[in-house]
Amino acid sequence: SYIIGSGHHTNSHIINENGYVFQAPITFYTQDGRWDMAPGFEKENLRFSRILTTECLTCHNHYPDAVEGSLNKYESMPTGIACERCHGPGEVHVKEKLSGKIVDTSQQIDYSIINPKDLPKDLQVDLCQRCHLQGIAVLEEGKTFFDFQPGRPLSDIVNVFLPRYTNSHEQFIMASQADRLRLSKCYTLSEEMTCLTCHHPHHSVRKADKASFNKPCISCHQQKEVAECSVPIATRNLQQDNCVSCHMPPSGSTDIPHVNITDHFISKSIAKGSERINSEEKEEIARFLGLQIRTKKKGSAIEMARGYLAMFDKYVEADAVLDSADYYLAMVSKDDLLWFKTKVHYYFSRKSYAEITKLVFNQEAANQTDAWTAYRIGEAQTSMKDHAKALLYYKRATKLMPFNLEFQEKLGSVYIALEYLPQAKKTFE
């Protein structure tokens, strides 16, 4: 139904079934000119069951018209990225220009619209890393992936966590440009360097002059207090004195096959010609160090607990990950508004269904305001063979998210267990 991707690396495909959208299991890899399984499908063929949520589509496309109460159902799907993704709402800007209020932007800032280059460094990077910082995304309570606006801190809407391993400096995922750049001394030692230092968002990287990417390097490293290039001039000439080709070499990613991407970690240690460990050694020494929050300097205990639970759900089903979630949850007060739902989530991940039953013993299903919490309690009650209580929580979950097909399926199943066959038939239909 849709093709997605710029075509620089891949073209992937979306199937639309009655408004519910799914990723097709094959992708065209443009650099190699070949078809293969879509990323992630080579490990487990999910066929046509991988749903495309707003988390996926709000980075790869302009905002679709999502159906409230669903995970992957949409009324309409735009094609392409629109101006307001980077410049913010344009209504005031249009009204001012039509009324004749023109600002000379070479002399002053036009405050009727966001121009990313006028934002402070941290907010510029937040704008770019909204989509160029793929990781474990956890929405703030009550927020959606539609809520971020240019000029606002990203952490107001969503926090993004990255797992760190002993070999993370060598391996990285594809959409990690913001993270890799922020690891670079060139970035950390500069008060002004952002993505816009090297990139013009309106110009194709493919068509840009290589010299335009080297100019920022040269302009800084010609200063006396900044180290000059120590490579012999003969070697530099072989590379046509191209800073980027040595210090930001193309590399594969750990999550997308058949692609070469520019590593945005600017470093002497990864420069072309330097010794690098081979893939076998990388795997042998890789050890998980923990989650790092990348949208703020330090996450709270509840934010870290939720980050580890999201990591368990999406990527790594390991006891150690849940141990870390439990460690942070122990620091959270029961008065915290997020404690209860996070505790239910933790017990559900542990399959500690009896603990969930104890936790909700005196609670009413109708009082649950979070669909996933109601669903998880329903699953716990089902596992404990208490189908009558499970029914109450499944009904609550489907009321809060009526177009979540998994919730509806569970509701239909518990109707069958209770021999409410007309209700089961209606639910499944």
# chains A, B, ... in the order shown; residues from 1 in each chain; ligands from 1
$ select_by_dssp --residues "stretch 134-268 of chain A" --states "alpha helix (DSSP H)" --output "VMD selection string"
chain A and resid 177 to 182 185 to 188 210 to 221 233 to 238 243 to 247
$ write_last_selection --atoms "C-alpha atoms" --output "PDB file, in the first residue's frame"
ATOM      1  CA  GLN A 177      23.723   9.751  14.396  1.00  0.00           C
ATOM      2  CA  ALA A 178      22.843  12.050  17.302  1.00  0.00           C
ATOM      3  CA  ASP A 179      24.235   9.669  19.907  1.00  0.00           C
ATOM      4  CA  ARG A 180      27.479   9.022  18.027  1.00  0.00           C
ATOM      5  CA  LEU A 181      28.040  12.737  17.424  1.00  0.00           C
ATOM      6  CA  ARG A 182      27.475  13.524  21.091  1.00  0.00           C
ATOM      7  CA  LYS A 185      35.194  15.433  21.518  1.00  0.00           C
ATOM      8  CA  CYS A 186      34.517  17.770  18.608  1.00  0.00           C
ATOM      9  CA  TYR A 187      30.970  18.055  19.951  1.00  0.00           C
ATOM     10  CA  THR A 188      31.598  17.980  23.695  1.00  0.00           C
ATOM     11  CA  LYS A 210      32.437  16.882  -0.053  1.00  0.00           C
ATOM     12  CA  ALA A 211      34.290  20.091   0.726  1.00  0.00           C
ATOM     13  CA  SER A 212      31.192  21.433   2.487  1.00  0.00           C
ATOM     14  CA  PHE A 213      31.543  18.702   5.134  1.00  0.00           C
ATOM     15  CA  ASN A 214      35.266  19.321   5.585  1.00  0.00           C
ATOM     16  CA  LYS A 215      35.004  23.098   5.970  1.00  0.00           C
ATOM     17  CA  PRO A 216      33.765  22.930   9.591  1.00  0.00           C
ATOM     18  CA  CYS A 217      36.691  20.624  10.472  1.00  0.00           C
ATOM     19  CA  ILE A 218      39.257  22.895   8.846  1.00  0.00           C
ATOM     20  CA  SER A 219      37.809  26.124  10.244  1.00  0.00           C
ATOM     21  CA  CYS A 220      38.166  24.772  13.799  1.00  0.00           C
ATOM     22  CA  HIS A 221      41.443  22.873  13.480  1.00  0.00           C
ATOM     23  CA  ILE A 233      50.816  15.104   4.013  1.00  0.00           C
ATOM     24  CA  ALA A 234      51.410  12.289   1.507  1.00  0.00           C
ATOM     25  CA  THR A 235      48.769  10.143   3.226  1.00  0.00           C
ATOM     26  CA  ARG A 236      46.401  13.092   3.379  1.00  0.00           C
ATOM     27  CA  ASN A 237      46.873  13.666  -0.325  1.00  0.00           C
ATOM     28  CA  LEU A 238      45.940  10.044  -1.029  1.00  0.00           C
ATOM     29  CA  CYS A 243      38.720  14.711   6.948  1.00  0.00           C
ATOM     30  CA  VAL A 244      35.379  12.913   6.877  1.00  0.00           C
ATOM     31  CA  SER A 245      36.646   9.905   4.930  1.00  0.00           C
ATOM     32  CA  CYS A 246      39.215   9.176   7.674  1.00  0.00           C
ATOM     33  CA  HIS A 247      37.538  10.258  10.877  1.00  0.00           C
TER      34      HIS A 247
END
$ select_by_dssp --residues "stretch 38-73 of chain A" --states "strand (DSSP E or B)" --output "PyMOL selection string"
chain A and resi 51+65-66+73
$ residues_around --residues "A:Gln171" --least-positions-apart "4" --cutoff "8 Å" --atoms "only C-alpha atoms" --output "JSON, numbers by chain"
{"A": [167, 253, 254]}
$ residues_around --residues "A:Pro201" --least-positions-apart "4" --cutoff "12 Å" --atoms "only C-alpha atoms" --output "PyMOL selection string"
chain A and resi 81+83+85-87+115-117+127-128+195-197+205+208
$ residues_around --residues "stretch 302-315 of chain A" --least-positions-apart "6" --cutoff "10 Å" --atoms "only C-alpha atoms" --output "MDAnalysis selection string"
chainID A and resid 135:140 159:163 290:293 321:333 336 338:339 341:343 345:346 349
$ closest_residue --among "A:Leu418, A:Ala374, A:Met401, A:Ala320" --to "A:His387" --atoms "only C-alpha atoms"
A:Leu418
